[in-house]
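Okay, structure first, notes after.
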Protein chains: 2
Amino acid sequence: MNKYHDLYEEQKNVLFQNFLTVLKFPSVSADKAFHPQVHACADWLCDYMKDLGAKVEQITQYGLPVILADFFVDKSLPTVLFYGHYDVQPANDRELWFQDPFDPLFRDGKIFGRGVADDKGPIMMGLFAISLLKHFGKLPVNIKFVLEGEEESSGKALFDFVERESEKIKSDLVLCTDTGGFRTGRAAITYSTRGLVYKQIDLVGPSHDLHSGAYGGPVMPPTNALALILAGLFDAQGRINIPGVYDKVRPIDPDERKAYAQLEFDVERYKKHVGSNTLVCEPGFTPLEQNWCRPNLCVNGIVGGYTGQGPKTVLPSVASAKISMRLVPDQNPDEISQLLEKRIRELCPPGIRLEIKDFGRAEPFMGLRSGPAADAASEAIRTVYNAGPDLIREGGTIPILSHFAKYVNPNVLCLGFTGSECNTHGPNENLSLDAFDKGVETTCLFFELLAGRLRHS
Amino acid sequence: MNKYHDLYEEQKNVLFQNFLTVLKFPSVSADKAFHPQVHACADWLCDYMKDLGAKVEQITQYGLPVILADFFVDKSLPTVLFYGHYDVQPANDRELWFQDPFDPLFRDGKIFGRGVADDKGPIMMGLFAISLLKHFGKLPVNIKFVLEGEEESSGKALFDFVERESEKIKSDLVLCTDTGGFRTGRAAITYSTRGLVYKQIDLVGPSHDLHSGAYGGPVMPPTNALALILAGLFDAQGRINIPGVYDKVRPIDPDERKAYAQLEFDVERYKKHVGSNTLVCEPGFTPLEQNWCRPNLCVNGIVGGYTGQGPKTVLPSVASAKISMRLVPDQNPDEISQLLEKRIRELCPPGIRLEIKDFGRAEPFMGLRSGPAADAASEAIRTVYNAGPDLIREGGTIPILSHFAKYVNPNVLCLGFTGSECNTHGPNENLSLDAFDKGVETTCLFFELLAGRLRHS
């Protein structure tokens, strides 16, 4: 137990009303019809943070509002930048929910509602921590909140803001709590996410669809060519077949392997979840390591020729595929993008015109898993959870993390207080009340512990 | 000049009215709304052939009417079975035609209309020949017409009839004039068509779509697997990569090569027509030989994952492809089908469930290009055209030909009187009046010449 626990127990009922209020805004950024509600949610958060004593600014010139709230204390103290997003995924699958996704429901020790775990819950954990810390006097560190409203729709507003106005968010540590946890009842430090390169290949064979009998032979079908190109990029064991692609892949540290082994990862349960009997791992890598620490190439989509019912003897004119590569530290997306394009061009057979579209790229992210900030987080977590954090990576990509590392501060720490069963993005998104409470307390303790350890630059 | 020419010139205007009449039936078999017109066309042809002296029967138990017309002369004479189809392709592209596709138009020495070349023109050439021959007495051979109404919609009525009632069409020679010509102003003997094996491959990876970041690595995407399987079936040089597939491929005879070389095939014009700069031929084969005499594998369709605009980071659950192989003599479709399935199963990577659907198969066809019937045809052609026939194969598949060869008589002769620019199946299908007239005269002469040469079994 700790002092924040007792205080929180006292104030919880009052504070929690604010969580319920923010959950009721259908702040769906992907759908323009909801944009007034995105703005309303931003306005409410701004008012709430003003009441908590922050100097608040809404930046609207890059897209949906980026909210900046400055809980400034003292120049001599280090500054933490708390990141979150107040927009949510759509919830058009109303019929699959227990009740209205924007009318929060308590049931079985959980709270159900869109955004409850991703990411309004973690934002409110941070703001409740501010409330509680202030009861004991001044905040132990300077804290800035930067909250965006386009995360769920891959918007660029925050990216533009970070690139062009990074002096406004100068800080000694970036804290992200939008990453999830790994096991129920545990908190996690996610110290790495994978990068991304995404391309579309468009092939043209003959200038128009032909009869496959009358022309099959001398005319190369682009569908055949597509298979030849794609199959030249990887093998059946999941290795990528592009020269140079593994050159900069950082080996897994022995202590990382040790940490992963302690996660009690259940391979059989995983297989059941994905619905596949056989997993594909390179020799010497576990499924977790394969997903977290190894680059990967996935054909995300493929189309060409006749795709309706039954047969059609067509020799198609065009075919295309979407392919994405996940990158790991220290692969460089620009380099990998070039290697990939070069390889595709080499593999393209004669008689085919090739066009490659680029859908952008993201750097792999490597943040903190040791050092003063990570140690402070671990200690706070151990105090609240009676167990240390799960030290994990993530197979997905969170582009803003490497953006923060590049433009704000390489010290980026990701804490996950929400479990893996929160069904974020799906129906009946939920968060256990216990996880929420622990998140609030851990955040309080973390800021307190940080004060004496984080170096102010 | 010959006696049939003079007689035909005399009677042409009267006879031609019947051609115009039969062209006016929109006998589109693919569209049920037109089936009454298919029947009306069959009825009209039956009446016309009765008037010409045939014993006529409509067989309707297998589907749209199979018409059987028996121009019997004498038991001691050999019998020729004349094949044709009175149904036509749809003509929904009315706006691309000079005028109503079912209101024949004369222009620039040609007649325009749906079915004029495929296949009502060739049928009427045969029936006009009967008319003319009768002017000089009895027909020189017994002639049976078998006309189907489902050719353009891949119907099975005639196939069922041939299998079950072949005694009704017993004959010493099957004559097909539904095959086209190769050069303008020339007739052709098409002595071989390719066979077909057609399959669909359905792959399932994970049981549901996954996030390609969160699962990419240990989970094999079926789209990746599809590329690996397909690319294992052929190479960039157009060779099929299935063990045993070439074992029974009949080598091209030197005299065939010689005949092909005389066709004045214009490779540059062909490239321009297909809209591709580079043709893919195995070493030692010309484009014509590659299309006519070599087996081929074409991916007719491919689909999986996200195929809309822009990127989507999905690891798909399913992917599928349609693939067809064209076969040449003496490949056996059943054997090839098995080899193909075996190879696909071998190539399927771990973590993928595979299902193979069969869309049927057709035997390659090898008919007459020499012997008494072919010689009679050549002589008739040489007389009328002042040039011998083009001896050609076809890359496509005409399944009924091998069916006739199997169930009726291996002596199957295909004569082509319609040119390659008739735009069959397309808008403004047409036939030159000269080609029609020559077809009528050649058919007369051919039957006359056949009398003394075809052996009666």
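Chain labels follow the order of the structure tokens: the first chain is A, the next B, and so on; residue numbering restarts at 1 in every chain, and ligands are counted from 1 in their shown order.
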For range 243-254 of chain B, list every protein, DNA or RNA residue within 8 Å, evaluated using only C-alpha atoms, and leave out those in the same chain fewer than 3 positions away; present the list as a short mmCIF file (atom, residue, chain, number, x, y, z; two decimals) with N, CA and C atoms, in the first residue's frame.
data_model
loop_
_atom_site.label_atom_id
_atom_site.label_comp_id
_atom_site.auth_asym_id
_atom_site.auth_seq_id
_atom_site.Cartn_x
_atom_site.Cartn_y
_atom_site.Cartn_z
N ILE B 240 6.70 -24.93 -67.96
CA ILE B 240 5.95 -25.43 -66.82
C ILE B 240 6.89 -26.27 -65.97
N ARG B 257 6.33 -27.53 -89.25
CA ARG B 257 7.15 -26.32 -89.13
C ARG B 257 7.23 -25.58 -90.46
N LYS B 258 7.39 -26.38 -91.53
CA LYS B 258 7.48 -25.82 -92.87
C LYS B 258 6.18 -25.08 -93.22
N CYS B 293 1.55 -25.52 -80.18
CA CYS B 293 2.12 -26.87 -80.03
C CYS B 293 2.72 -27.15 -78.67
N ARG B 294 2.71 -26.15 -77.78
CA ARG B 294 3.34 -26.35 -76.48
C ARG B 294 2.31 -26.16 -75.36
N PRO B 295 2.43 -26.97 -74.30
CA PRO B 295 1.53 -26.77 -73.17
C PRO B 295 1.85 -25.46 -72.47
N VAL B 328 -1.42 -30.24 -75.15
CA VAL B 328 -1.26 -30.57 -76.57
C VAL B 328 -1.20 -32.08 -76.72
N PRO B 329 -1.45 -32.59 -77.94
CA PRO B 329 -1.30 -34.03 -78.16
C PRO B 329 0.13 -34.46 -77.76
N ASP B 330 0.34 -35.55 -77.08
CA ASP B 330 -0.61 -36.56 -76.64
C ASP B 330 -0.76 -36.50 -75.12
N GLN B 331 -0.76 -35.31 -74.56
CA GLN B 331 -0.97 -35.19 -73.12
C GLN B 331 -2.38 -35.66 -72.76
N ILE B 336 -2.43 -35.20 -66.41
CA ILE B 336 -1.89 -33.86 -66.14
C ILE B 336 -2.57 -33.25 -64.92
N LEU B 339 -0.90 -34.73 -61.93
CA LEU B 339 0.46 -34.19 -61.74
C LEU B 339 0.39 -32.77 -61.17
#
**Report entry** At most 7 Å to chain B: residues in chain A, only C-alpha atoms, as JSON, numbers by chain
**Finding:** {"A": [205, 206, 207, 213, 214, 215, 216, 217, 218, 219, 220, 221, 223, 224, 227, 228, 230, 231, 236, 238, 274, 275, 276, 277, 278, 279, 280, 281, 287, 290, 291, 296, 298, 299, 300, 301, 302, 303, 304, 305, 306, 307, 311, 313, 314, 315, 316, 326, 349, 350, 351, 359, 394, 395, 396, 397]}
Report task. Apply DSSP to the structure's backbone, then extract all residues of range 293-433 of chain A labelled strand (DSSP E or B) and return them as an NGL selection string. Result -> :A and (296-305 or 314-315 or 318-327 or 353-362 or 365-366 or 390-394 or 412-416 or 430-432)
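Of the listed residues B:Gln37, B:Val66, B:Phe436, B:Glu429, the one whose atoms come nearest to Glu165 in chain B is B:Val66, with distances taken using only C-alpha atoms.
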Query - Who sits within 12 Å of Leu23 in chain A, only C-alpha atoms, same chain under 2 positions skipped, as a PyMOL selection string - result: chain A and resi 16-21+25-28+37-38+40-41+44-45+86-88+100-105+111-124+429-430
Report task. Enter the distance from CA of Asn423 in chain B to CA of Ile398 in chain B, in Å, rounded to one decimal. Result -> 18.1 Å
Requested in this report: Give me the residues within 7 Å of Gly180 in chain B as a PyMOL selection string, counting only C-alpha atoms and dropping any in the same chain fewer than 5 places off.
Outcome: chain B and resi 416-420
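From CA of Leu368 in chain A back to CA of Leu454 in chain A, the distance works out to 12.8 Å.
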Query raised in the report: At what distance in Å, to one decimal, does CA of Leu449 in chain A lie from CA of Leu132 in chain A?
Result: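 Computing it gives 14.8 Å between the two atoms.
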